Number of protein chains: 2
Amino acid sequence: MPKPVNTSAPRREEPPAAATGPVDKALAVLDALVQPDAPHRLADLAARTGLPKPTVHRLLHTFAEAGYAVPGPGGNYQAGPRLLGLAATALAASRELRLARPVLDDLRLRTGHLAHFSVRDGTAAVHVTQSEPSSTYRMPLTAGGEVPLYCSAVGWAMLSALPSPAAAELLGGEPLPARTPRTMRDPGAVLAALPAVRERGYAVDDEYAEQDVRAIAAPVLGPGDRVAGAVGIVGLTFTLDEESVAVLGPMVRAAAGTVSAALRGGAGALGIVRGQE
Amino acid sequence: MPKPVNTSAPRREEPPAAATGPVDKALAVLDALVQPDAPHRLADLAARTGLPKPTVHRLLHTFAEAGYAVPGPGGNYQAGPRLLGLAATALAASRELRLARPVLDDLRLRTGHLAHFSVRDGTAAVHVTQSEPSSTYRMPLTAGGEVPLYCSAVGWAMLSALPSPAAAELLGGEPLPARTPRTMRDPGAVLAALPAVRERGYAVDDEYAEQDVRAIAAPVLGPGDRVAGAVGIVGLTFTLDEESVAVLGPMVRAAAGTVSAALRGGAGALGIVRGQE
DNA sequence: TCGTCCGTTCCGGGAGCCGGAACGATGATG
DNA sequence: CATCATCGTTCCGGCTCCCGGAACGGACGA
């Protein structure tokens with residue numbers, strides 16, 4: 001037990017917007033339950049969600065009864081079989097994911113870098129699936145993780161595929177928090193960089209979000225040019241170095257193009273997915 | 001547990017276990033929402049869950065507002081970014097899954113068959129993750145899918161790792177429905193077959209659940225010999241033929257053993273997971 | 001032994017869930 | 001073109017049952 005932090009902070013602000021209905025509360029607890037960082041005891045979940053203890057207790061009971069949560073040793077709850085089944089089903093049923101998977105594997109094999117597919121959730125990008133090299137010393141990206149749009153390759157890729165006003169609205173007017181010394185903090189500057197991304201067909205994150213991490217991404221478009229997500233690769237700067245960007249960029253763009261085409265092409269396109277241009 | 005008896009029983013039995021509270025209903029709708037078979041319009045979801053239309057409508061609205069569902073064309077709802085993120089997180093955070101993944105890949109490569117990991121949910125096994133060969137003509141197994149314990153290799157594997165009384169209780173006393181001509185329908189017969197499975201270390205499903213499909217599986221044990229799930233391979237009978245079982249069986253058993261050892265060995269074991277015996 | 005923290009239970013009040021019924025839009029049908 | 005079936009949506013009164021502060025007992029740790 002690292003640190004029983006003193007609860008002397010009455011000025012604790014709720015992380016998410018207040019969960020009003022019982023359903024929102026349930027979702028909040030479920031969300032907290034699957035977070036990878038340790039323990040999920042009743043008190044922890046209550047603290048993380050900002051909900052009163054009895055409420056979380058009742059919800060956990062409901063979940064446990066339905067098989068969505070399972071009480072472990074030491075009062076530690078974890079995801080139950082139903083939740084895992086639900087998760088597996090959700091990921092398997094998503095059309096974009098089914099189509100993206102083989103392309104990601106191919107992209108990873110040819111570039112040697114971790115390849116991933118992300119979708120937009122508000123002003124953030126969530127990494128929904130990935131194909132990782134056999135030996136990743138330090139994982140610069142975790143499945144289910146989030147990154148703000150303004151400082152990530154996948155974010156820029158998706159923004160570039162949106163109409164300018166929509167992108168501007170997502171970026172907002174305020175200066176953005178710096179994540180590294182290289183982060184671009186001015187929404188206007190990001191917006192101004194998008195046309196170049198649009199032209200090139202891929203975006204590059206040059207340590208904008210995290211030190212020593214470089215990324216390349218390209219948008220995936222569904223029917224009607226709807227932005228379905230983005231395909232990208234991530235690596236440490238000394239592996240994914242500056243000059244390889246010129247050769248890897250088009251590969252990422254091609255991969256995203258393949259997924260887009262398959263997405264538009266209807267179900268029959270599954271068999272003819274190929275890696276080359 | 002003194003169960004408070006319903007004061008006025010309205011003599012009403014729903015096909016699925018009655019969803020009483022708002023949370024159960026929400027879970028039911030979420031579950032219906034991720035089912036792969038098409039369309040997820042309001043009326044479809046209402047029919048599948050057995051809930052009244054306005055209720056489903058309200059829930060979908062709540063989900064949509066929170067990003068867990070997204071209204072598509074033609075009133076078709078699908079999983080939203082939050083739900084996909086939750087799913088990805090849940091699968092990535094599960095310790096057994098993280099450990100099983102590389103072992104499954106290795107097992108698939110060495111056997112050439114679809115390898116999967118399943119956990120128990122009541123009297124069924126749900127397939128939580130899998131590693132599939134590049135070309136599977138017809139997928140005999142889908143992620144998130146379920147199979148009864150009594151007629152599947154993973155089911156037998158998990159049953160064999162349970163104390164006999166527990167296994168007997170899960171099998172029940174009634175004759176079981178036949179899925180193929182070869183299905184073993186007698187709970188007693190299944191129970192009697194378990195010691196042999198225990199001895200061999202792996203179970204074989206010889207077209208018990210589906211025609212032309214054979215499967216091999218072995219149990220995965222966590223700390224304290226708790227049954228964490230099962231590792232298995234599946235294939236069509238003419239590919240996964242009878243004589244190869246003798247050589248593939250031990251491979252499956254070894255793979256399950258590797259996962260079990262890693263599961264027990266603590267977090268540090270991640271780096272030394274190996275495929276060979 | 002005492003103090004602390006956690007999980008659990010209780011219970012009265014009232015917020016807000018519930019779902020039958022009705023309405024307008026849409027597309028199929030003759 | 002007229003008709004009907006079906007679907008999504010809205011409304012609203014009733015009353016379920018959700019809510020969470022408070023209290024209790026047990027498990028550690030000091």
# chains A, B, ... in the order shown; residues from 1 in each chain; ligands from 1
>>> closest_atom_pairs(of="chain B", to="chain A", cutoff="6 Å", atoms="only C-alpha atoms", output="CSV")
residue,atom,partner,partner_atom,distance
B:Val23,CA,A:Val23,CA,5.7
B:Val34,CA,A:Ala90,CA,4.9
B:Pro36,CA,A:Ala93,CA,4.9
B:Pro81,CA,A:Asp121,CA,5.6
B:Gly85,CA,A:Gly144,CA,4.6
B:Ala87,CA,A:Ala87,CA,4.2
B:Ala88,CA,A:Gly144,CA,4.7
B:Thr89,CA,A:Gly144,CA,4.3
B:Ala90,CA,A:Val34,CA,4.9
B:Ala93,CA,A:Pro36,CA,4.9
B:Asp121,CA,A:Pro81,CA,5.5
B:Val128,CA,A:Ala88,CA,5.7
B:Ala143,CA,A:Ala88,CA,5.6
B:Gly144,CA,A:Thr89,CA,4.3
>>> calpha_fit_rmsd(fixed="chain A", moving="chain B")
6.6 Å
>>> residues_around(residues="DG20 in chain D", least_positions_apart="6", cutoff="9 Å", atoms="only C-alpha atoms (C1' of nucleotides)", output="mmCIF file with N, CA and C atoms, in the first residue's frame")
data_model
loop_
_atom_site.group_PDB
_atom_site.id
_atom_site.type_symbol
_atom_site.label_atom_id
_atom_site.label_comp_id
_atom_site.auth_asym_id
_atom_site.auth_seq_id
_atom_site.Cartn_x
_atom_site.Cartn_y
_atom_site.Cartn_z
ATOM 1 N N PRO A 52 -21.308 8.636 -3.330
ATOM 2 C CA PRO A 52 -21.328 8.191 -1.933
ATOM 3 C C PRO A 52 -21.162 6.679 -1.839
ATOM 4 N N LYS A 53 -20.598 6.254 -0.759
ATOM 5 C CA LYS A 53 -20.268 4.845 -0.575
ATOM 6 C C LYS A 53 -21.462 3.904 -0.720
ATOM 7 N N PRO A 54 -22.579 4.171 -0.076
ATOM 8 C CA PRO A 54 -23.694 3.226 -0.204
ATOM 9 C C PRO A 54 -24.163 3.070 -1.643
ATOM 10 N N THR A 55 -24.116 4.147 -2.373
ATOM 11 C CA THR A 55 -24.545 4.072 -3.774
ATOM 12 C C THR A 55 -23.641 3.134 -4.559
#
>>> residues_around(residues="DA30 in chain D", least_positions_apart="6", cutoff="12 Å", atoms="only C-alpha atoms (C1' of nucleotides)", output="ChimeraX atom specification")
/C:1-4
>>> interface_residues(of="chain D", to="chain A", cutoff="12 Å", atoms="only C-alpha atoms (C1' of nucleotides)", output="number ranges by chain")
D: 17-22, 27
>>> write_last_selection(atoms="N, CA and C atoms (P, O5', C5', C4', C3', O3' and C1' of nucleotides)", output="PDB file, in the first residue's frame")
ATOM      1  P    DC D  17     -40.108  -1.033  -7.908  1.00  0.00           P
ATOM      2  O5'  DC D  17     -38.767  -0.264  -7.528  1.00  0.00           O
ATOM      3  C5'  DC D  17     -38.370   0.905  -8.241  1.00  0.00           C
ATOM      4  C4'  DC D  17     -37.354   1.659  -7.410  1.00  0.00           C
ATOM      5  C3'  DC D  17     -36.536   0.778  -6.453  1.00  0.00           C
ATOM      6  O3'  DC D  17     -35.228   1.276  -6.327  1.00  0.00           O
ATOM      7  C1'  DC D  17     -37.541   2.456  -5.254  1.00  0.00           C
ATOM      8  P    DC D  18     -34.129   0.807  -7.400  1.00  0.00           P
ATOM      9  O5'  DC D  18     -33.254   2.114  -7.656  1.00  0.00           O
ATOM     10  C5'  DC D  18     -33.823   3.197  -8.350  1.00  0.00           C
ATOM     11  C4'  DC D  18     -33.399   4.507  -7.742  1.00  0.00           C
ATOM     12  C3'  DC D  18     -31.970   4.531  -7.199  1.00  0.00           C
ATOM     13  O3'  DC D  18     -31.344   5.744  -7.596  1.00  0.00           O
ATOM     14  C1'  DC D  18     -33.488   5.179  -5.503  1.00  0.00           C
ATOM     15  P    DC D  19     -29.846   6.002  -7.267  1.00  0.00           P
ATOM     16  O5'  DC D  19     -29.913   6.845  -5.935  1.00  0.00           O
ATOM     17  C5'  DC D  19     -30.558   8.114  -5.974  1.00  0.00           C
ATOM     18  C4'  DC D  19     -30.481   8.765  -4.620  1.00  0.00           C
ATOM     19  C3'  DC D  19     -29.092   8.678  -3.987  1.00  0.00           C
ATOM     20  O3'  DC D  19     -28.567   9.981  -3.819  1.00  0.00           O
ATOM     21  C1'  DC D  19     -30.814   8.048  -2.441  1.00  0.00           C
ATOM     22  P    DG D  20     -26.983  10.123  -3.877  1.00  0.00           P
ATOM     23  O5'  DG D  20     -26.622  10.359  -2.355  1.00  0.00           O
ATOM     24  C5'  DG D  20     -27.407  11.284  -1.607  1.00  0.00           C
ATOM     25  C4'  DG D  20     -27.299  10.978  -0.142  1.00  0.00           C
ATOM     26  C3'  DG D  20     -25.874  10.695   0.354  1.00  0.00           C
ATOM     27  O3'  DG D  20     -25.705  11.269   1.635  1.00  0.00           O
ATOM     28  C1'  DG D  20     -27.253   8.924   0.931  1.00  0.00           C
ATOM     29  P    DG D  21     -24.484  12.203   1.931  1.00  0.00           P
ATOM     30  O5'  DG D  21     -24.786  12.615   3.435  1.00  0.00           O
ATOM     31  C5'  DG D  21     -26.024  13.234   3.759  1.00  0.00           C
ATOM     32  C4'  DG D  21     -26.552  12.714   5.083  1.00  0.00           C
ATOM     33  C3'  DG D  21     -25.514  12.626   6.201  1.00  0.00           C
ATOM     34  O3'  DG D  21     -26.100  13.038   7.442  1.00  0.00           O
ATOM     35  C1'  DG D  21     -26.440  10.481   5.820  1.00  0.00           C
ATOM     36  P    DA D  22     -25.217  13.152   8.738  1.00  0.00           P
ATOM     37  O5'  DA D  22     -25.497  11.779   9.506  1.00  0.00           O
ATOM     38  C5'  DA D  22     -26.852  11.372   9.716  1.00  0.00           C
ATOM     39  C4'  DA D  22     -26.870  10.016  10.404  1.00  0.00           C
ATOM     40  C3'  DA D  22     -25.761   9.822  11.453  1.00  0.00           C
ATOM     41  O3'  DA D  22     -26.334   9.360  12.673  1.00  0.00           O
ATOM     42  C1'  DA D  22     -25.786   8.005   9.918  1.00  0.00           C
ATOM     43  P    DA D  27     -13.317  -9.911  11.445  1.00  0.00           P
ATOM     44  O5'  DA D  27     -12.174  -9.012  10.789  1.00  0.00           O
ATOM     45  C5'  DA D  27     -12.373  -8.459   9.489  1.00  0.00           C
ATOM     46  C4'  DA D  27     -11.206  -7.565   9.122  1.00  0.00           C
ATOM     47  C3'  DA D  27      -9.836  -8.109   9.547  1.00  0.00           C
ATOM     48  O3'  DA D  27      -8.870  -7.781   8.566  1.00  0.00           O
ATOM     49  C1'  DA D  27     -10.198  -6.020  10.575  1.00  0.00           C
TER      50       DA D  27
END
>>> interface_residues(of="chain A", to="chain C", cutoff="12 Å", atoms="only C-alpha atoms (C1' of nucleotides)", output="PyMOL selection string")
chain A and resi 4+6-7+20-23+41-44+53-58+61+74-76
>>> residues_around(residues="range 173-178 of chain B", least_positions_apart="6", cutoff="12 Å", atoms="only C-alpha atoms (C1' of nucleotides)", output="list of chain:residue names")
B:Thr123, B:Pro148, B:Leu149, B:Tyr150, B:Cys151, B:Ala167, B:Met184, B:Arg185, B:Asp186, B:Pro187, B:Gly188, B:Ala189, B:Val190, B:Leu191, B:Glu207, B:Tyr208, B:Ala209, B:Glu210, B:Gln211
>>> residues_around(residues="Ile233 in chain B", least_positions_apart="6", cutoff="7 Å", atoms="only C-alpha atoms (C1' of nucleotides)", output="PyMOL selection string")
chain B and resi 113-116+215-217
>>> select_by_dssp(residues="range 183-216 of chain B", states="helix (DSSP H, G or I)", output="JSON, numbers by chain")
{"B": [187, 188, 189, 190, 191, 192, 193, 194, 195, 196, 197, 198, 199, 200]}
>>> atom_distance(atom1="CA of Val259 in chain B", atom2="CA of Ala228 in chain B")
9.9 Å
>>> residues_around(residues="Arg264 in chain B", least_positions_apart="5", cutoff="9 Å", atoms="only C-alpha atoms (C1' of nucleotides)", output="list in words")
Leu221, Gly222, Pro223, Gly224, Val259 and Ala269 of chain B
>>> write_last_selection(atoms="C-alpha atoms", output="PDB file, in the first residue's frame")
ATOM      1  CA  LEU B 221      -5.412 -21.876 -12.786  1.00  0.00           C
ATOM      2  CA  GLY B 222      -4.804 -18.720 -10.845  1.00  0.00           C
ATOM      3  CA  PRO B 223      -3.512 -18.262  -7.311  1.00  0.00           C
ATOM      4  CA  GLY B 224      -4.944 -20.785  -4.902  1.00  0.00           C
ATOM      5  CA  VAL B 259      -0.412 -18.811 -18.480  1.00  0.00           C
ATOM      6  CA  ALA B 269       6.768 -12.878 -14.930  1.00  0.00           C
TER       7      ALA B 269
END
>>> decode(residues="chain D", atoms="C-alpha atoms (C1' of nucleotides)", output="mmCIF file, in the first residue's frame")
data_model
loop_
_atom_site.group_PDB
_atom_site.id
_atom_site.type_symbol
_atom_site.label_atom_id
_atom_site.label_comp_id
_atom_site.auth_asym_id
_atom_site.auth_seq_id
_atom_site.Cartn_x
_atom_site.Cartn_y
_atom_site.Cartn_z
ATOM 1 C "C1'" DC D 1 -53.288 8.444 -55.029
ATOM 2 C "C1'" DA D 2 -55.340 6.690 -50.875
ATOM 3 C "C1'" DT D 3 -54.611 3.681 -47.080
ATOM 4 C "C1'" DC D 4 -52.384 1.372 -43.635
ATOM 5 C "C1'" DA D 5 -48.671 -0.377 -40.882
ATOM 6 C "C1'" DT D 6 -44.692 0.783 -38.375
ATOM 7 C "C1'" DC D 7 -41.531 3.483 -36.203
ATOM 8 C "C1'" DG D 8 -39.718 7.278 -33.361
ATOM 9 C "C1'" DT D 9 -41.099 10.635 -30.217
ATOM 10 C "C1'" DT D 10 -43.559 13.124 -26.588
ATOM 11 C "C1'" DC D 11 -46.562 13.552 -22.688
ATOM 12 C "C1'" DC D 12 -47.921 12.969 -17.902
ATOM 13 C "C1'" DG D 13 -49.783 11.243 -13.518
ATOM 14 C "C1'" DG D 14 -48.672 7.724 -10.175
ATOM 15 C "C1'" DC D 15 -45.949 5.624 -7.102
ATOM 16 C "C1'" DT D 16 -41.984 2.794 -7.052
ATOM 17 C "C1'" DC D 17 -37.541 2.456 -5.254
ATOM 18 C "C1'" DC D 18 -33.488 5.179 -5.503
ATOM 19 C "C1'" DC D 19 -30.814 8.048 -2.441
ATOM 20 C "C1'" DG D 20 -27.253 8.924 0.931
ATOM 21 C "C1'" DG D 21 -26.440 10.481 5.820
ATOM 22 C "C1'" DA D 22 -25.786 8.005 9.918
ATOM 23 C "C1'" DA D 23 -24.675 4.231 12.606
ATOM 24 C "C1'" DC D 24 -22.635 -0.450 13.529
ATOM 25 C "C1'" DG D 25 -19.244 -4.135 13.714
ATOM 26 C "C1'" DG D 26 -15.105 -6.161 12.145
ATOM 27 C "C1'" DA D 27 -10.198 -6.020 10.575
ATOM 28 C "C1'" DC D 28 -5.948 -4.415 10.867
ATOM 29 C "C1'" DG D 29 -1.947 -1.728 12.552
ATOM 30 C "C1'" DA D 30 0.250 0.613 16.032
#
